[in-house]
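Worksheet: one structure, shown below.
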Number of protein chains: 2
Amino acid sequence: MTKPTYTSDQERLARFAKAMGHPTRIAILNFLAQRNECYFGDIHDELPIAKATVSQHLTELKDAGLIQGTIQPPKVKYCINRENWNIARSMFSALFEDCKDHNSNTCCCK
Amino acid sequence: MTKPTYTSDQERLARFAKAMGHPTRIAILNFLAQRNECYFGDIHDELPIAKATVSQHLTELKDAGLIQGTIQPPKVKYCINRENWNIARSMFSALFEDCKDHNSNTCCCK
DNA sequence: ATTGTTGTTCGCAAAATTACGAACATTTAT
DNA sequence: ATAAATGTTCGTAATTTTGCGAACAACAAT
């Protein structure tokens, strides 16, 4: 009776989701998804928290691969990481479609 | 200089994402999204963790609104909460499309 | 050199998350 | 009435997350 483990896809999707699992980070993603200009200061101005905390949230999003940052002295420019953004979109989409697809009449808890 | 706060949409999406932010819970959602039969025991068998912990994860997914459970003595049946599932899908989709849409050439960090 | 601007890093505290075994509750079967 | 099967709840421990101010680093301008 060997217990199953998680697939790398499940780990990866969970990683994306976890990074998105905070209002501040959703707000940051919303902001970056809509803007072309995206310096740290602009982001900070949009948020009700200390800059140290903003920096922390940005680091998490960056570590998860959803955004990227480039230094443009004395500022730092952030943006969506397109490549991973698309991967995340596909993965979320696939999960949600998975349920949509199958027959709703036989689904449990009806 | 009044600092903005978060919109209810941002809070809600973050809530969904947070619930999805763990491999175990992604595995549960994968399982439920594909099956018609979905008793607690079936879910537990799919996972490498203690039943108390499985129960805890299920509670989180339920509290976030992504799944629902009904008692069918002596078993408990779980399934995707269709209504919120669709809401979550739209919200994730909207966020991801938001970036996809706008002109990639002017996006920062290119 | 000194000052100003922009962000990151450090150190810390409070709160939340994750995980487990043991105990408990509920219903079914004997 | 007892015992078996199925999950939840409780209590606890270890870890992670969240948030802040202060200190620091890097560069620009005077």
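Every chain in the structure tokens takes a letter, A first, then B, and so on in the order presented; its residues are numbered from 1, and the ligands are numbered from 1 following the presented order.
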Spatial neighbours of region 16-33 of chain B, 6 Å, only C-alpha atoms (C1' of nucleotides), chain gap at least 3 places, as a list in words: Gln10, Glu11, Ala14, Ala17, Lys18, Met20, Gly21, Asp98 and Cys99 of chain A; Leu13, Leu61 and Cys79 of chain B
Output the selection as a PDB file, in the first residue's frame - N, CA and C atoms for each residue.
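File produced: result-v7.pdb:
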```pdb
ATOM      1  N   GLN A  10       1.366  19.208 -10.244  1.00  0.00           N
ATOM      2  CA  GLN A  10       0.604  19.619  -9.066  1.00  0.00           C
ATOM      3  C   GLN A  10       1.447  20.526  -8.176  1.00  0.00           C
ATOM      4  N   GLU A  11       2.699  20.178  -8.036  1.00  0.00           N
ATOM      5  CA  GLU A  11       3.601  21.009  -7.230  1.00  0.00           C
ATOM      6  C   GLU A  11       3.744  22.390  -7.859  1.00  0.00           C
ATOM      7  N   ALA A  14       0.508  24.462  -7.599  1.00  0.00           N
ATOM      8  CA  ALA A  14       0.352  24.894  -6.211  1.00  0.00           C
ATOM      9  C   ALA A  14       1.296  26.064  -5.903  1.00  0.00           C
ATOM     10  N   ALA A  17      -0.205  29.137  -7.401  1.00  0.00           N
ATOM     11  CA  ALA A  17      -1.387  29.518  -6.630  1.00  0.00           C
ATOM     12  C   ALA A  17      -0.999  30.128  -5.288  1.00  0.00           C
ATOM     13  N   LYS A  18      -0.020  29.517  -4.667  1.00  0.00           N
ATOM     14  CA  LYS A  18       0.422  30.021  -3.364  1.00  0.00           C
ATOM     15  C   LYS A  18       0.925  31.457  -3.479  1.00  0.00           C
ATOM     16  N   MET A  20      -0.018  33.571  -5.519  1.00  0.00           N
ATOM     17  CA  MET A  20      -1.166  34.436  -5.779  1.00  0.00           C
ATOM     18  C   MET A  20      -2.125  34.503  -4.587  1.00  0.00           C
ATOM     19  N   GLY A  21      -1.795  33.787  -3.539  1.00  0.00           N
ATOM     20  CA  GLY A  21      -2.722  33.654  -2.427  1.00  0.00           C
ATOM     21  C   GLY A  21      -2.694  34.742  -1.375  1.00  0.00           C
ATOM     22  N   ASP A  98     -11.107  20.865 -16.638  1.00  0.00           N
ATOM     23  CA  ASP A  98     -11.226  19.458 -16.310  1.00  0.00           C
ATOM     24  C   ASP A  98     -12.578  19.139 -15.699  1.00  0.00           C
ATOM     25  N   CYS A  99     -13.017  20.002 -14.848  1.00  0.00           N
ATOM     26  CA  CYS A  99     -14.311  19.746 -14.212  1.00  0.00           C
ATOM     27  C   CYS A  99     -15.450  20.166 -15.107  1.00  0.00           C
TER      28      CYS A  99
ATOM     29  N   LEU B  13     -10.224  36.654  -5.116  1.00  0.00           N
ATOM     30  CA  LEU B  13      -9.323  35.854  -5.951  1.00  0.00           C
ATOM     31  C   LEU B  13      -8.162  35.316  -5.118  1.00  0.00           C
ATOM     32  N   LEU B  61     -10.613  23.878   1.661  1.00  0.00           N
ATOM     33  CA  LEU B  61     -11.183  24.018   0.318  1.00  0.00           C
ATOM     34  C   LEU B  61     -12.679  24.336   0.407  1.00  0.00           C
ATOM     35  N   CYS B  79     -17.409  17.059  -3.395  1.00  0.00           N
ATOM     36  CA  CYS B  79     -17.374  17.388  -4.816  1.00  0.00           C
ATOM     37  C   CYS B  79     -17.064  18.852  -5.031  1.00  0.00           C
TER      38      CYS B  79
END
```
Taking only C-alpha atoms (C1' of nucleotides) into account, produce a table as a tab-separated table in which each residue of chain A with an atom at most 10 Å from an atom of chain D appears once, together with its shortest atom pair and the distance in Å to one decimal, ordered by chain and rising number.
```
residue	atom	partner	partner_atom	distance
A:Ile49	CA	D:DG19	C1'	8.2
A:Ala50	CA	D:DC20	C1'	7.0
A:Lys51	CA	D:DC20	C1'	9.3
A:Ala52	CA	D:DC20	C1'	7.6
A:Thr53	CA	D:DG19	C1'	6.2
A:Val54	CA	D:DG19	C1'	9.7
A:Gln56	CA	D:DT18	C1'	9.4
A:His57	CA	D:DT18	C1'	9.5
A:Gln72	CA	D:DC27	C1'	9.8
A:Pro73	CA	D:DC27	C1'	6.0
A:Pro74	CA	D:DC27	C1'	5.6
A:Lys75	CA	D:DC27	C1'	9.3
```
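Excluding Lys62 (chain B) itself and any same-chain residue fewer than 6 positions from it, the protein and nucleic acid residues within 9 Å of it, counting only C-alpha atoms (C1' of nucleotides), are Gln68, Gly69 and Asn81 of chain B.
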Can those selected residues be exported to a file as a short mmCIF file (atom, residue, chain, number, x, y, z; two decimals), in the first residue's frame so that it contains C-alpha atoms?
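Result written to result09.cif:
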```
data_model
loop_
_atom_site.label_atom_id
_atom_site.label_comp_id
_atom_site.auth_asym_id
_atom_site.auth_seq_id
_atom_site.Cartn_x
_atom_site.Cartn_y
_atom_site.Cartn_z
CA GLN B 68 -18.70 21.03 -0.85
CA GLY B 69 -19.34 17.97 1.24
CA ASN B 81 -18.77 23.50 -5.84
#
```
Identify all residues of chain A in strand (DSSP E) (DSSP on the backbone) and supply them as a PDB file with N, CA and C atoms, in the first residue's frame.
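Result file is part_24.pdb:
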```
ATOM      1  N   ILE A  67       6.749  37.094 -11.909  1.00  0.00           N
ATOM      2  CA  ILE A  67       7.230  38.402 -12.341  1.00  0.00           C
ATOM      3  C   ILE A  67       8.751  38.394 -12.440  1.00  0.00           C
ATOM      4  N   GLN A  68       9.282  39.459 -12.977  1.00  0.00           N
ATOM      5  CA  GLN A  68      10.725  39.606 -13.007  1.00  0.00           C
ATOM      6  C   GLN A  68      11.071  41.066 -12.763  1.00  0.00           C
ATOM      7  N   GLY A  69      12.261  41.297 -12.271  1.00  0.00           N
ATOM      8  CA  GLY A  69      12.656  42.661 -11.983  1.00  0.00           C
ATOM      9  C   GLY A  69      14.011  42.961 -12.583  1.00  0.00           C
ATOM     10  N   THR A  70      14.158  44.194 -13.076  1.00  0.00           N
ATOM     11  CA  THR A  70      15.463  44.596 -13.611  1.00  0.00           C
ATOM     12  C   THR A  70      15.854  45.922 -12.987  1.00  0.00           C
ATOM     13  N   ILE A  71      17.115  46.024 -12.655  1.00  0.00           N
ATOM     14  CA  ILE A  71      17.615  47.227 -12.020  1.00  0.00           C
ATOM     15  C   ILE A  71      17.885  48.299 -13.064  1.00  0.00           C
ATOM     16  N   GLN A  72      17.289  49.480 -12.836  1.00  0.00           N
ATOM     17  CA  GLN A  72      17.546  50.625 -13.696  1.00  0.00           C
ATOM     18  C   GLN A  72      17.860  51.783 -12.777  1.00  0.00           C
ATOM     19  N   LYS A  75      16.395  53.130  -9.887  1.00  0.00           N
ATOM     20  CA  LYS A  75      15.099  52.469  -9.717  1.00  0.00           C
ATOM     21  C   LYS A  75      15.161  50.993 -10.072  1.00  0.00           C
ATOM     22  N   VAL A  76      14.059  50.326  -9.787  1.00  0.00           N
ATOM     23  CA  VAL A  76      13.944  48.918 -10.152  1.00  0.00           C
ATOM     24  C   VAL A  76      12.618  48.734 -10.872  1.00  0.00           C
ATOM     25  N   LYS A  77      12.705  48.136 -12.032  1.00  0.00           N
ATOM     26  CA  LYS A  77      11.533  47.956 -12.868  1.00  0.00           C
ATOM     27  C   LYS A  77      11.041  46.525 -12.751  1.00  0.00           C
ATOM     28  N   TYR A  78       9.757  46.395 -12.507  1.00  0.00           N
ATOM     29  CA  TYR A  78       9.174  45.059 -12.411  1.00  0.00           C
ATOM     30  C   TYR A  78       8.183  44.833 -13.526  1.00  0.00           C
ATOM     31  N   CYS A  79       8.011  43.568 -13.900  1.00  0.00           N
ATOM     32  CA  CYS A  79       6.979  43.242 -14.880  1.00  0.00           C
ATOM     33  C   CYS A  79       6.622  41.771 -14.809  1.00  0.00           C
ATOM     34  N   ILE A  80       5.542  41.456 -15.471  1.00  0.00           N
ATOM     35  CA  ILE A  80       5.098  40.070 -15.582  1.00  0.00           C
ATOM     36  C   ILE A  80       6.166  39.267 -16.316  1.00  0.00           C
TER      37      ILE A  80
END
```
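Residue list for chain C within 8 Å of chain A: C:DT5, C:DT6, C:DG7, C:DT8, counting only C-alpha atoms (C1' of nucleotides).
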Please write the residues from the selection above to a file, keeping C-alpha atoms (C1' of nucleotides), as an mmCIF file, in the first residue's frame.
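Output file result30.cif is given in full below:
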```
data_model
loop_
_atom_site.group_PDB
_atom_site.id
_atom_site.type_symbol
_atom_site.label_atom_id
_atom_site.label_comp_id
_atom_site.auth_asym_id
_atom_site.auth_seq_id
_atom_site.Cartn_x
_atom_site.Cartn_y
_atom_site.Cartn_z
ATOM 1 C "C1'" DT C 5 16.697 59.006 -3.986
ATOM 2 C "C1'" DT C 6 15.480 54.298 -4.480
ATOM 3 C "C1'" DG C 7 14.965 49.657 -2.842
ATOM 4 C "C1'" DT C 8 16.809 45.689 -0.386
#
```
Please identify which residues in chain A DSSP calls alpha helix (DSSP H) from the backbone, and express them as a tab-separated table (two decimals) with C-alpha atoms, in the first residue's frame.
```tsv
chain	number	residue	atom	x	y	z
A	8	SER	CA	5.47	17.90	-10.61
A	9	ASP	CA	2.54	19.61	-12.29
A	10	GLN	CA	0.60	19.62	-9.07
A	11	GLU	CA	3.60	21.01	-7.23
A	12	ARG	CA	4.09	23.66	-9.83
A	13	LEU	CA	0.48	24.77	-10.00
A	14	ALA	CA	0.35	24.89	-6.21
A	15	ARG	CA	3.46	27.06	-6.26
A	16	PHE	CA	1.84	29.54	-8.62
A	17	ALA	CA	-1.39	29.52	-6.63
A	18	LYS	CA	0.42	30.02	-3.36
A	19	ALA	CA	2.21	33.06	-4.75
A	23	PRO	CA	-4.52	40.26	-1.68
A	24	THR	CA	-1.36	42.33	-1.88
A	25	ARG	CA	0.15	40.02	-4.45
A	26	ILE	CA	-3.03	39.90	-6.50
A	27	ALA	CA	-3.05	43.69	-6.44
A	28	ILE	CA	0.54	43.72	-7.64
A	29	LEU	CA	-0.25	41.31	-10.45
A	30	ASN	CA	-3.29	43.33	-11.44
A	31	PHE	CA	-1.17	46.43	-11.53
A	32	LEU	CA	1.63	44.86	-13.56
A	33	ALA	CA	-0.79	43.19	-15.92
A	34	GLN	CA	-2.24	46.56	-16.85
A	40	PHE	CA	8.91	49.70	-7.39
A	41	GLY	CA	7.77	53.13	-6.24
A	42	ASP	CA	4.69	53.04	-8.43
A	43	ILE	CA	3.75	49.68	-7.00
A	44	HIS	CA	4.38	50.82	-3.46
A	45	ASP	CA	2.16	53.84	-3.98
A	51	LYS	CA	8.03	49.30	1.44
A	52	ALA	CA	9.92	46.54	3.18
A	53	THR	CA	6.79	44.43	3.00
A	54	VAL	CA	6.17	45.32	-0.64
A	55	SER	CA	9.70	44.27	-1.45
A	56	GLN	CA	9.05	40.99	0.32
A	57	HIS	CA	5.90	40.29	-1.68
A	58	LEU	CA	7.69	41.14	-4.90
A	59	THR	CA	10.42	38.69	-4.01
A	60	GLU	CA	7.86	35.96	-3.53
A	61	LEU	CA	6.23	36.63	-6.85
A	62	LYS	CA	9.65	36.66	-8.44
A	63	ASP	CA	10.68	33.41	-6.78
A	82	ARG	CA	5.51	36.37	-19.84
A	83	GLU	CA	6.81	32.88	-20.25
A	84	ASN	CA	5.75	31.61	-16.84
A	85	TRP	CA	2.62	33.73	-16.95
A	86	ASN	CA	1.49	31.74	-19.95
A	87	ILE	CA	2.40	28.48	-18.31
A	88	ALA	CA	0.43	29.43	-15.21
A	89	ARG	CA	-2.54	30.45	-17.31
A	90	SER	CA	-2.55	27.11	-19.12
A	91	MET	CA	-2.26	25.16	-15.90
A	92	PHE	CA	-5.08	26.94	-14.13
A	93	SER	CA	-7.16	26.75	-17.25
A	94	ALA	CA	-6.56	23.02	-17.59
A	95	LEU	CA	-7.60	22.35	-14.02
A	96	PHE	CA	-10.77	24.37	-14.29
A	97	GLU	CA	-11.73	22.93	-17.66
A	98	ASP	CA	-11.23	19.46	-16.31
A	99	CYS	CA	-14.31	19.75	-14.21
A	100	LYS	CA	-16.28	21.77	-16.69
A	101	ASP	CA	-15.90	19.03	-19.25
```
